[in-house]
Structure formats: C-alpha cells, structure tokens
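Listing of my_file_29.cif; format and content: mmCIF, C-alpha atoms.
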data_coords
loop_
_atom_site.group_PDB
_atom_site.id
_atom_site.type_symbol
_atom_site.label_atom_id
_atom_site.label_comp_id
_atom_site.auth_asym_id
_atom_site.auth_seq_id
_atom_site.Cartn_x
_atom_site.Cartn_y
_atom_site.Cartn_z
ATOM 1 C CA MET A 1 137.981 36.157 11.066
ATOM 2 C CA LYS A 2 141.408 34.668 10.379
ATOM 3 C CA TYR A 3 144.614 35.357 12.279
ATOM 4 C CA VAL A 4 148.071 34.201 11.190
ATOM 5 C CA HIS A 5 151.282 34.145 13.213
ATOM 6 C CA LYS A 6 154.573 33.142 11.585
ATOM 7 C CA VAL A 7 157.240 31.987 13.969
ATOM 8 C CA GLY A 8 160.783 30.579 13.991
ATOM 9 C CA CYS A 9 161.351 27.238 15.733
ATOM 10 C CA SER A 10 163.142 28.545 18.805
ATOM 11 C CA ILE A 11 161.465 27.673 22.104
ATOM 12 C CA GLU A 12 162.202 31.239 23.187
ATOM 13 C CA ASN A 13 159.365 32.184 20.804
ATOM 14 C CA LEU A 14 156.708 30.244 22.730
ATOM 15 C CA LYS A 15 155.822 33.298 24.802
ATOM 16 C CA GLY A 16 155.016 35.217 21.606
ATOM 17 C CA VAL A 17 152.884 32.309 20.399
ATOM 18 C CA ARG A 18 150.926 32.304 23.667
ATOM 19 C CA ASP A 19 150.387 36.074 23.516
ATOM 20 C CA PHE A 20 149.157 35.814 19.912
ATOM 21 C CA ILE A 21 146.595 33.163 20.886
ATOM 22 C CA ARG A 22 145.439 35.075 23.988
ATOM 23 C CA VAL A 23 144.950 38.360 22.123
ATOM 24 C CA SER A 24 143.179 36.750 19.142
ATOM 25 C CA LEU A 25 140.701 34.845 21.319
ATOM 26 C CA LYS A 26 140.191 37.743 23.709
ATOM 27 C CA ASN A 27 139.202 39.962 20.743
ATOM 28 C CA HIS A 28 136.245 37.645 20.218
ATOM 29 C CA GLY A 29 135.134 37.472 23.830
ATOM 30 C CA VAL A 30 136.211 33.906 24.552
ATOM 31 C CA ALA A 31 136.113 33.212 28.313
ATOM 32 C CA ASP A 32 139.449 33.476 30.186
ATOM 33 C CA LEU A 33 139.476 29.903 31.460
ATOM 34 C CA GLU A 34 138.867 28.555 27.956
ATOM 35 C CA ILE A 35 141.621 30.786 26.596
ATOM 36 C CA SER A 36 144.057 29.430 29.166
ATOM 37 C CA GLU A 37 143.194 25.819 28.269
ATOM 38 C CA ILE A 38 143.643 26.482 24.557
ATOM 39 C CA VAL A 39 146.945 28.289 25.170
ATOM 40 C CA LEU A 40 148.160 25.284 27.130
ATOM 41 C CA ALA A 41 147.271 22.818 24.371
ATOM 42 C CA LEU A 42 148.757 24.905 21.561
ATOM 43 C CA ASP A 43 151.908 25.673 23.567
ATOM 44 C CA GLU A 44 152.370 21.925 23.835
ATOM 45 C CA MET A 45 151.792 21.308 20.114
ATOM 46 C CA CYS A 46 154.098 24.164 19.075
ATOM 47 C CA SER A 47 156.893 23.255 21.485
ATOM 48 C CA ASN A 48 156.745 19.615 20.313
ATOM 49 C CA LEU A 49 156.977 20.766 16.724
ATOM 50 C CA MET A 50 159.894 23.121 17.444
ATOM 51 C CA ILE A 51 161.838 20.542 19.433
ATOM 52 C CA HIS A 52 161.098 17.243 17.676
ATOM 53 C CA ALA A 53 160.410 18.177 14.055
ATOM 54 C CA HIS A 54 162.744 21.181 13.753
ATOM 55 C CA HIS A 55 165.381 20.608 16.469
ATOM 56 C CA CYS A 56 164.845 24.191 17.693
ATOM 57 C CA ASN A 57 166.277 25.684 14.501
ATOM 58 C CA PRO A 58 165.170 29.347 14.553
ATOM 59 C CA GLU A 59 165.566 29.522 10.753
ATOM 60 C CA ASP A 60 162.758 26.989 10.303
ATOM 61 C CA LEU A 61 159.413 28.743 10.242
ATOM 62 C CA PHE A 62 155.901 27.492 10.851
ATOM 63 C CA GLU A 63 152.546 29.226 10.794
ATOM 64 C CA LEU A 64 149.776 29.212 13.345
ATOM 65 C CA HIS A 65 146.380 30.047 11.894
ATOM 66 C CA ILE A 66 143.313 30.803 13.984
ATOM 67 C CA ASP A 67 139.917 30.859 12.321
ATOM 68 C CA ILE A 68 137.167 32.299 14.530
ATOM 69 C CA ASP A 69 133.551 32.701 13.539
ATOM 70 C CA LYS A 70 131.008 33.457 16.207
ATOM 71 C CA ASN A 71 128.955 30.402 17.148
ATOM 72 C CA ASP A 72 131.232 27.992 15.281
ATOM 73 C CA PRO A 73 134.006 25.902 16.807
ATOM 74 C CA VAL A 74 137.377 27.663 16.603
ATOM 75 C CA VAL A 75 139.833 26.062 14.166
ATOM 76 C CA PHE A 76 143.565 26.263 14.865
ATOM 77 C CA GLU A 77 145.998 25.150 12.177
ATOM 78 C CA ILE A 78 149.706 24.570 12.579
ATOM 79 C CA VAL A 79 151.321 24.582 9.138
ATOM 80 C CA ASP A 80 154.900 23.455 8.581
ATOM 81 C CA ASP A 81 157.287 21.434 6.415
ATOM 82 C CA GLY A 82 158.806 19.120 9.037
ATOM 83 C CA THR A 83 158.236 15.491 9.967
ATOM 84 C CA VAL A 84 154.671 14.730 10.984
ATOM 85 C CA PHE A 85 154.107 13.437 14.489
ATOM 86 C CA ASP A 86 150.500 12.331 14.658
ATOM 87 C CA ILE A 87 149.439 12.466 18.287
ATOM 88 C CA ASN A 88 146.343 10.421 17.456
ATOM 89 C CA GLN A 89 148.706 7.485 16.900
ATOM 90 C CA PHE A 90 150.336 8.022 20.263
ATOM 91 C CA HIS A 91 148.835 6.737 23.486
ATOM 92 C CA ALA A 92 149.439 9.058 26.391
ATOM 93 C CA PRO A 93 151.207 7.177 29.203
ATOM 94 C CA ALA A 94 149.259 6.599 32.419
ATOM 95 C CA LEU A 95 149.994 9.086 35.197
ATOM 96 C CA ASP A 96 151.223 6.246 37.440
ATOM 97 C CA ASN A 97 153.838 5.270 34.855
ATOM 98 C CA ILE A 98 155.042 8.850 34.509
ATOM 99 C CA VAL A 99 155.511 9.052 38.275
ATOM 100 C CA GLN A 100 157.199 5.655 38.637
ATOM 101 C CA GLU A 101 159.553 6.196 35.736
ATOM 102 C CA LYS A 102 160.353 9.741 36.931
ATOM 103 C CA ARG A 103 159.603 10.994 33.432
ATOM 104 C CA LYS A 104 159.389 14.690 32.729
ATOM 105 C CA GLY A 105 157.522 14.252 29.451
ATOM 106 C CA GLY A 106 154.345 12.481 28.436
ATOM 107 C CA LEU A 107 151.870 14.807 30.107
ATOM 108 C CA GLY A 108 151.502 17.080 27.122
ATOM 109 C CA ILE A 109 149.751 14.668 24.779
ATOM 110 C CA ARG A 110 147.250 13.888 27.517
ATOM 111 C CA LEU A 111 146.618 17.602 27.975
ATOM 112 C CA VAL A 112 146.086 18.296 24.283
ATOM 113 C CA LYS A 113 143.713 15.365 23.880
ATOM 114 C CA SER A 114 141.681 16.326 26.912
ATOM 115 C CA ILE A 115 141.407 19.990 25.912
ATOM 116 C CA MET A 116 140.777 19.833 22.163
ATOM 117 C CA ASP A 117 137.596 18.344 20.664
ATOM 118 C CA LYS A 118 139.261 17.056 17.533
ATOM 119 C CA ILE A 119 142.779 16.800 16.106
ATOM 120 C CA GLU A 120 143.329 15.948 12.445
ATOM 121 C CA TYR A 121 146.242 15.988 10.051
ATOM 122 C CA GLN A 122 146.157 17.018 6.404
ATOM 123 C CA ASN A 123 148.590 17.592 3.592
ATOM 124 C CA ARG A 124 147.896 20.831 1.740
ATOM 125 C CA SER A 125 150.063 21.771 -1.280
ATOM 126 C CA GLY A 126 152.892 19.647 0.087
ATOM 127 C CA ARG A 127 152.775 21.221 3.567
ATOM 128 C CA ASN A 128 151.709 19.540 6.792
ATOM 129 C CA VAL A 129 148.618 20.931 8.404
ATOM 130 C CA CYS A 130 147.646 19.930 11.919
ATOM 131 C CA ARG A 131 144.060 21.071 12.589
ATOM 132 C CA LEU A 132 142.856 21.384 16.157
ATOM 133 C CA ILE A 133 139.204 22.120 16.696
ATOM 134 C CA LYS A 134 137.586 23.422 19.855
ATOM 135 C CA SER A 135 134.058 24.599 20.686
ATOM 136 C CA VAL A 136 134.141 27.648 22.935
ATOM 137 C CA HIS A 137 131.684 29.968 24.658
ATOM 138 C CA PHE A 138 131.604 33.506 23.334
ATOM 139 C CA GLN A 139 130.720 36.089 25.964
ATOM 140 C CA MET B 1 160.547 33.825 31.404
ATOM 141 C CA ILE B 2 160.750 32.760 35.016
ATOM 142 C CA HIS B 3 162.458 34.249 38.035
ATOM 143 C CA ILE B 4 163.084 31.933 40.927
ATOM 144 C CA ARG B 5 163.872 33.072 44.441
ATOM 145 C CA ARG B 6 164.761 30.809 47.326
ATOM 146 C CA ILE B 7 164.501 31.714 50.986
ATOM 147 C CA GLN B 8 164.678 29.547 54.067
ATOM 148 C CA GLU B 9 161.939 29.724 56.684
ATOM 149 C CA ASP B 10 161.552 27.543 59.784
ATOM 150 C CA GLY B 11 163.796 24.834 58.356
ATOM 151 C CA ALA B 12 161.912 24.697 55.061
ATOM 152 C CA ASP B 13 163.207 25.844 51.693
ATOM 153 C CA VAL B 14 160.714 28.202 50.089
ATOM 154 C CA ILE B 15 161.041 28.364 46.309
ATOM 155 C CA ALA B 16 159.123 31.302 44.830
ATOM 156 C CA LEU B 17 158.225 31.121 41.128
ATOM 157 C CA ILE B 18 157.674 34.464 39.422
ATOM 158 C CA GLY B 19 156.493 34.590 35.815
ATOM 159 C CA GLU B 20 155.845 31.828 33.279
ATOM 160 C CA ILE B 21 157.235 28.310 33.061
ATOM 161 C CA ASP B 22 157.299 26.674 29.643
ATOM 162 C CA ALA B 23 159.592 24.390 27.634
ATOM 163 C CA SER B 24 162.275 27.089 27.539
ATOM 164 C CA SER B 25 162.320 27.717 31.292
ATOM 165 C CA SER B 26 161.299 24.435 32.970
ATOM 166 C CA ILE B 27 164.989 23.565 33.354
ATOM 167 C CA GLU B 28 165.316 26.433 35.838
ATOM 168 C CA LEU B 29 162.567 24.989 38.003
ATOM 169 C CA ASP B 30 164.278 21.608 37.820
ATOM 170 C CA LEU B 31 167.630 23.121 38.843
ATOM 171 C CA ALA B 32 166.080 25.022 41.762
ATOM 172 C CA ILE B 33 164.434 21.896 43.166
ATOM 173 C CA ALA B 34 167.597 19.830 42.579
ATOM 174 C CA LYS B 35 169.625 22.458 44.411
ATOM 175 C CA SER B 36 167.245 22.435 47.362
ATOM 176 C CA VAL B 37 167.471 18.633 47.558
ATOM 177 C CA GLY B 38 171.253 18.794 47.126
ATOM 178 C CA GLU B 39 171.494 21.150 50.091
ATOM 179 C CA GLY B 40 169.676 18.590 52.199
ATOM 180 C CA PHE B 41 166.266 20.224 52.647
ATOM 181 C CA GLU B 42 163.544 17.750 53.565
ATOM 182 C CA LYS B 43 160.761 20.315 53.528
ATOM 183 C CA ILE B 44 160.210 22.229 50.315
ATOM 184 C CA LEU B 45 157.502 24.832 49.853
ATOM 185 C CA VAL B 46 156.837 26.100 46.339
ATOM 186 C CA ASP B 47 155.289 29.574 46.316
ATOM 187 C CA CYS B 48 153.116 29.799 43.186
ATOM 188 C CA GLY B 49 151.581 33.172 44.127
ATOM 189 C CA ALA B 50 153.320 34.991 41.269
ATOM 190 C CA LEU B 51 153.286 32.059 38.837
ATOM 191 C CA GLU B 52 151.337 33.287 35.835
ATOM 192 C CA TYR B 53 151.526 30.224 33.623
ATOM 193 C CA ILE B 54 152.855 26.678 33.663
ATOM 194 C CA SER B 55 153.001 24.357 30.661
ATOM 195 C CA SER B 56 153.213 20.583 30.696
ATOM 196 C CA ALA B 57 157.018 20.904 30.706
ATOM 197 C CA GLY B 58 156.802 22.530 34.142
ATOM 198 C CA LEU B 59 154.199 20.089 35.428
ATOM 199 C CA GLY B 60 156.498 17.277 34.297
ATOM 200 C CA VAL B 61 159.290 18.596 36.520
ATOM 201 C CA PHE B 62 157.077 18.326 39.626
ATOM 202 C CA MET B 63 155.904 14.862 38.571
ATOM 203 C CA SER B 64 159.463 13.631 38.065
ATOM 204 C CA TYR B 65 160.304 14.241 41.741
ATOM 205 C CA ILE B 66 157.285 12.508 43.316
ATOM 206 C CA GLU B 67 158.873 9.062 43.487
ATOM 207 C CA GLU B 68 162.292 10.272 44.608
ATOM 208 C CA PHE B 69 160.751 12.407 47.356
ATOM 209 C CA LYS B 70 158.691 9.458 48.554
ATOM 210 C CA ASP B 71 161.837 7.285 48.774
ATOM 211 C CA ARG B 72 163.865 9.945 50.568
ATOM 212 C CA GLY B 73 161.154 11.214 52.896
ATOM 213 C CA ILE B 74 161.180 14.718 51.392
ATOM 214 C CA ARG B 75 157.931 16.674 51.678
ATOM 215 C CA MET B 76 156.997 19.193 49.013
ATOM 216 C CA VAL B 77 153.902 21.399 49.111
ATOM 217 C CA LEU B 78 152.876 23.913 46.449
ATOM 218 C CA PHE B 79 150.775 26.886 47.503
ATOM 219 C CA GLY B 80 149.231 30.196 46.477
ATOM 220 C CA MET B 81 148.152 29.192 42.963
ATOM 221 C CA SER B 82 145.785 31.375 40.973
ATOM 222 C CA ASP B 83 142.585 29.682 39.749
ATOM 223 C CA LYS B 84 144.019 29.579 36.239
ATOM 224 C CA VAL B 85 147.207 27.787 37.293
ATOM 225 C CA TRP B 86 145.265 25.444 39.589
ATOM 226 C CA HIS B 87 143.042 24.571 36.627
ATOM 227 C CA THR B 88 146.116 23.442 34.665
ATOM 228 C CA PHE B 89 147.080 21.035 37.463
ATOM 229 C CA SER B 90 143.530 19.798 37.795
ATOM 230 C CA ILE B 91 142.979 19.032 34.087
ATOM 231 C CA LEU B 92 145.541 16.264 34.475
ATOM 232 C CA GLY B 93 144.420 15.190 37.921
ATOM 233 C CA LEU B 94 147.710 16.327 39.469
ATOM 234 C CA GLY B 95 145.836 17.738 42.454
ATOM 235 C CA GLU B 96 145.680 14.133 43.643
ATOM 236 C CA LEU B 97 149.359 13.368 43.138
ATOM 237 C CA LEU B 98 150.952 16.543 44.426
ATOM 238 C CA GLN B 99 150.358 18.245 47.735
ATOM 239 C CA ILE B 100 148.806 21.645 47.151
ATOM 240 C CA GLY B 101 147.905 24.091 49.905
ATOM 241 C CA LYS B 102 145.827 27.260 49.749
ATOM 242 C CA ASP B 103 148.406 29.611 51.236
ATOM 243 C CA LYS B 104 151.735 29.559 53.044
ATOM 244 C CA VAL B 105 150.125 29.013 56.456
ATOM 245 C CA GLU B 106 148.281 25.938 55.237
ATOM 246 C CA ALA B 107 151.351 24.719 53.310
ATOM 247 C CA LYS B 108 153.459 24.959 56.481
ATOM 248 C CA GLN B 109 150.870 22.965 58.399
ATOM 249 C CA MET B 110 150.922 20.313 55.671
ATOM 250 C CA ILE B 111 154.675 19.728 55.977
ATOM 251 C CA ALA B 112 154.853 20.137 59.735
#

What do you get writing this file as structure tokens?
Amino acid sequence: MKYVHKVGCSIENLKGVRDFIRVSLKNHGVADLEISEIVLALDEMCSNLMIHAHHCNPEDLFELHIDIDKNDPVVFEIVDDGTVFDINQFHAPALDNIVQEKRKGGLGIRLVKSIMDKIEYQNRSGRNVCRLIKSVHFQ
Amino acid sequence: MIHIRRIQEDGADVIALIGEIDASSSIELDLAIAKSVGEGFEKILVDCGALEYISSAGLGVFMSYIEEFKDRGIRMVLFGMSDKVWHTFSILGLGELLQIGKDKVEAKQMIA
C-alpha cells in the first residue's frame, strides 16, 4: 500500500509529518519502538530538507511517500526539487567532537544512518528522490 | 509544540518539558537552560516525565552544554523519561554522556 503526504517547507509542519508516518505504519501493525525510530530518522531528513534546501519557505512543497507491503522492507521516499544533500557523502562527526565544540548539530546524520538500512538518491523525471529503506517487524 | 515550566526545589532549578521537541521548538529548550544558567543555578534537573518526543535538534541542545557545565561545575540530571524517549538517547549513546536518573528522587541524589 502506498501513502503520500505533501507538505510545505515550514518546520512548523514537522509535527504533521510525524503524525502521518505514525498513522501509516500503525495501520500495518509495525511495532511502536520501530515506529518511533523511523519517525526520528524521517523527522531529521525532512527538517534538513526544509532548512537547508528550501530555507524554510512554506511555498516550497515536497512529498513523502511510504510504500508498505507486508513482509517486505518499508520504502520511504522524499521527493523534491531543491539542492541534493547526499548524507552518504557526509561523515557524521564523532560524539566527542560534538561535545568539545559545543555543537548543536551533527547528531542527526548519525541517527539516520544508524536507524535506516539503506539510503539512496535518484533522479526521477527531473525531481530528486531520496529513498530510505528499513526492514521492520509486522505484528 | 513544547511547554516548559520552571520551578525551584531545594536549591535546584527543575525544568519540566511537556510535549514534543523538534527543530521548531528546540530553541525554547535552549533558552530555558540558558536562563537557568544565567540566574546562577548550579543544579539543574530536567523533568522529562511529560516529554513525548525529542528529535536530534533537542538532543543537540543538551550535548552543547556538556562542556560548559563541566567547566563551570554545573550539574544537570535528566529524569522521568518514557522508554521511547530513553531509546532515542540510547541510539546515539547519549546515556553515557549525560546524567540520566530514573525519577526525581534519584535525580536529586545524583546532584546532591
């Protein structure tokens, strides 16, 4: 089953994004702890996109697609027209460095990479597609 | 959306977080902690009992104070987290870097 959520790039919309993910996964009996991990990773990806690629412009829209088939890994796609920031090219800073440099950022990439099984980028009909894949347990 | 309440108990500043902290609200957590430090508190307890969600933006705020607190001798203990919120801290190994107590009683013992 496919779910699509279209959202403007205002960080005020992150709550709606999280609710969309929670409800979609819950419909398919995904375990609560797995849902909360996935929400965390996608919140990070979406907030990065809103802030860095779209400068929080609420007129800019992106789409979040969720493709769930029982017994297959769940595929999440973030589709937009902004600048691509490939997190596979970015090395998450060590925790020690974050602490020493009193940085507030840098944790997110580490989170996404540790939660998702696979992250890939594609160009489809001129649009950027970031695919995040995660195996889950269906109850 | 986050509501933050501060009360003072036994010389400690207790900051209660109610709701969700994400990229749009992490600034409020930052301001609350900065205010507590600005008012001279050396013992800060963060009540996470009604914290429903925290994103990396919120975790980053706690991380950003670790070094400063070490230099200035300020103790901060978080307590009352749900399993879900605790899991978020533990994915990144922050349980090792931050002081986290089970409940307020334990948190008070940790900063005593």

#### Entry: Shell of 12 Å around A:Asn27, only C-alpha atoms, local chain residues under 4 positions omitted, as a PyMOL selection string
chain A and resi 1-3+20-23+31-32+35+68-70+138-139

Would you put the residues from that selection into a file with C-alpha atoms, as a PDB file, in the frame of the given file?
ATOM      1  CA  MET A   1     137.981  36.157  11.066  1.00  0.00           C
ATOM      2  CA  LYS A   2     141.408  34.668  10.379  1.00  0.00           C
ATOM      3  CA  TYR A   3     144.614  35.357  12.279  1.00  0.00           C
ATOM      4  CA  PHE A  20     149.157  35.814  19.912  1.00  0.00           C
ATOM      5  CA  ILE A  21     146.595  33.163  20.886  1.00  0.00           C
ATOM      6  CA  ARG A  22     145.439  35.075  23.988  1.00  0.00           C
ATOM      7  CA  VAL A  23     144.950  38.360  22.123  1.00  0.00           C
ATOM      8  CA  ALA A  31     136.113  33.212  28.313  1.00  0.00           C
ATOM      9  CA  ASP A  32     139.449  33.476  30.186  1.00  0.00           C
ATOM     10  CA  ILE A  35     141.621  30.786  26.596  1.00  0.00           C
ATOM     11  CA  ILE A  68     137.167  32.299  14.530  1.00  0.00           C
ATOM     12  CA  ASP A  69     133.551  32.701  13.539  1.00  0.00           C
ATOM     13  CA  LYS A  70     131.008  33.457  16.207  1.00  0.00           C
ATOM     14  CA  PHE A 138     131.604  33.506  23.334  1.00  0.00           C
ATOM     15  CA  GLN A 139     130.720  36.089  25.964  1.00  0.00           C
TER      16      GLN A 139
END

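Excluding A:Asp96 and any residue on its chain fewer than 6 positions from it, the residues at most 10 Å away by only C-alpha atoms are A:Lys102, B:Met63, B:Leu97.
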
### Query
Using only C-alpha atoms, which chain B residues lie at most 7 Å away from chain A, written as a PyMOL selection string?
chain B and resi 23-24+55-57+60-61+63-67+84+92

### Long-range neighbours of stretch 44-54 of chain B as a PyMOL selection string, 8 Å cut-off, only C-alpha atoms, 2 positions minimum in chain
chain B and resi 12-22+36+41-42+56-59+74-82+84-85+88+104+107-108

### Task
Please measure the separation of atom CA of A:His5 and atom CA of B:Ser26, giving the value in Å to one decimal.
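Atom CA of B:Ser26 lies 24.2 Å from atom CA of A:His5.
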
### Test item: residues at most 9 Å from A:Cys9, all atoms listed in the file, excluding those fewer than 6 positions along its chain, as a PyMOL selection string
chain A and resi 46-47+49-51+54-62

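The coordinates place atom CA of A:Asp80 at 11.8 Å from atom CA of A:Arg131.
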
### Between atom CA of B:Trp86 and atom CA of B:Leu31 - distance in Å to one decimal
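Those two atoms sit 22.5 Å apart.
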
Can you complete the atoms of stretch 59-94 of chain B to N, CA and C atoms and list them as a CSV table (one decimal), in the frame of the given file?
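Full text of rebuild-v5.csv as output:
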chain,number,residue,atom,x,y,z
B,59,LEU,N,154.9,21.1,34.6
B,59,LEU,CA,154.2,20.1,35.4
B,59,LEU,C,155.0,18.8,35.5
B,60,GLY,N,155.7,18.5,34.4
B,60,GLY,CA,156.5,17.3,34.3
B,60,GLY,C,157.6,17.3,35.3
B,61,VAL,N,158.2,18.5,35.5
B,61,VAL,CA,159.3,18.6,36.5
B,61,VAL,C,158.8,18.2,37.9
B,62,PHE,N,157.6,18.7,38.3
B,62,PHE,CA,157.1,18.3,39.6
B,62,PHE,C,156.8,16.8,39.7
B,63,MET,N,156.2,16.3,38.6
B,63,MET,CA,155.9,14.9,38.6
B,63,MET,C,157.2,14.0,38.7
B,64,SER,N,158.2,14.5,38.1
B,64,SER,CA,159.5,13.6,38.1
B,64,SER,C,160.1,13.5,39.5
B,65,TYR,N,159.7,14.3,40.4
B,65,TYR,CA,160.3,14.2,41.7
B,65,TYR,C,159.5,13.4,42.7
B,66,ILE,N,158.2,13.1,42.4
B,66,ILE,CA,157.3,12.5,43.3
B,66,ILE,C,157.9,11.2,43.9
B,67,GLU,N,158.4,10.4,43.0
B,67,GLU,CA,158.9,9.1,43.5
B,67,GLU,C,160.1,9.2,44.3
B,68,GLU,N,161.0,10.1,43.9
B,68,GLU,CA,162.3,10.3,44.6
B,68,GLU,C,162.0,10.8,46.0
B,69,PHE,N,161.1,11.8,46.1
B,69,PHE,CA,160.8,12.4,47.4
B,69,PHE,C,160.1,11.4,48.3
B,70,LYS,N,159.3,10.5,47.7
B,70,LYS,CA,158.7,9.5,48.6
B,70,LYS,C,159.8,8.6,49.2
B,71,ASP,N,160.7,8.2,48.3
B,71,ASP,CA,161.8,7.3,48.8
B,71,ASP,C,162.7,8.0,49.8
B,72,ARG,N,162.9,9.3,49.7
B,72,ARG,CA,163.9,9.9,50.6
B,72,ARG,C,163.2,10.7,51.7
B,73,GLY,N,161.9,10.6,51.8
B,73,GLY,CA,161.2,11.2,52.9
B,73,GLY,C,161.1,12.7,52.8
B,74,ILE,N,161.2,13.3,51.6
B,74,ILE,CA,161.2,14.7,51.4
B,74,ILE,C,159.7,15.1,51.1
B,75,ARG,N,159.3,16.2,51.9
B,75,ARG,CA,157.9,16.7,51.7
B,75,ARG,C,158.0,17.9,50.8
B,76,MET,N,157.1,18.0,49.8
B,76,MET,CA,157.0,19.2,49.0
B,76,MET,C,155.5,19.6,48.9
B,77,VAL,N,155.3,20.9,49.2
B,77,VAL,CA,153.9,21.4,49.1
B,77,VAL,C,153.9,22.7,48.2
B,78,LEU,N,153.0,22.7,47.3
B,78,LEU,CA,152.9,23.9,46.4
B,78,LEU,C,151.8,24.8,47.0
B,79,PHE,N,151.9,26.1,47.0
B,79,PHE,CA,150.8,26.9,47.5
B,79,PHE,C,150.6,28.2,46.8
B,80,GLY,N,149.5,28.8,47.0
B,80,GLY,CA,149.2,30.2,46.5
B,80,GLY,C,148.9,30.3,45.0
B,81,MET,N,148.4,29.2,44.4
B,81,MET,CA,148.2,29.2,43.0
B,81,MET,C,146.9,30.0,42.6
B,82,SER,N,147.0,30.7,41.5
B,82,SER,CA,145.8,31.4,41.0
B,82,SER,C,144.8,30.3,40.5
B,83,ASP,N,143.6,30.7,40.3
B,83,ASP,CA,142.6,29.7,39.7
B,83,ASP,C,143.0,29.1,38.4
B,84,LYS,N,143.6,30.0,37.6
B,84,LYS,CA,144.0,29.6,36.2
B,84,LYS,C,145.1,28.5,36.3
B,85,VAL,N,146.1,28.7,37.2
B,85,VAL,CA,147.2,27.8,37.3
B,85,VAL,C,146.7,26.5,37.9
B,86,TRP,N,145.9,26.6,38.9
B,86,TRP,CA,145.3,25.4,39.6
B,86,TRP,C,144.5,24.6,38.6
B,87,HIS,N,143.8,25.3,37.7
B,87,HIS,CA,143.0,24.6,36.6
B,87,HIS,C,144.0,23.7,35.8
B,88,THR,N,145.2,24.2,35.5
B,88,THR,CA,146.1,23.4,34.7
B,88,THR,C,146.5,22.1,35.4
B,89,PHE,N,146.7,22.2,36.7
B,89,PHE,CA,147.1,21.0,37.5
B,89,PHE,C,145.9,20.1,37.5
B,90,SER,N,144.7,20.7,37.6
B,90,SER,CA,143.5,19.8,37.8
B,90,SER,C,143.1,19.1,36.5
B,91,ILE,N,143.4,19.7,35.3
B,91,ILE,CA,143.0,19.0,34.1
B,91,ILE,C,143.6,17.6,34.0
B,92,LEU,N,144.8,17.5,34.5
B,92,LEU,CA,145.5,16.3,34.5
B,92,LEU,C,145.4,15.4,35.7
B,93,GLY,N,144.6,15.9,36.7
B,93,GLY,CA,144.4,15.2,37.9
B,93,GLY,C,145.6,15.2,38.8
B,94,LEU,N,146.5,16.2,38.7
B,94,LEU,CA,147.7,16.3,39.5
B,94,LEU,C,147.4,16.8,40.9
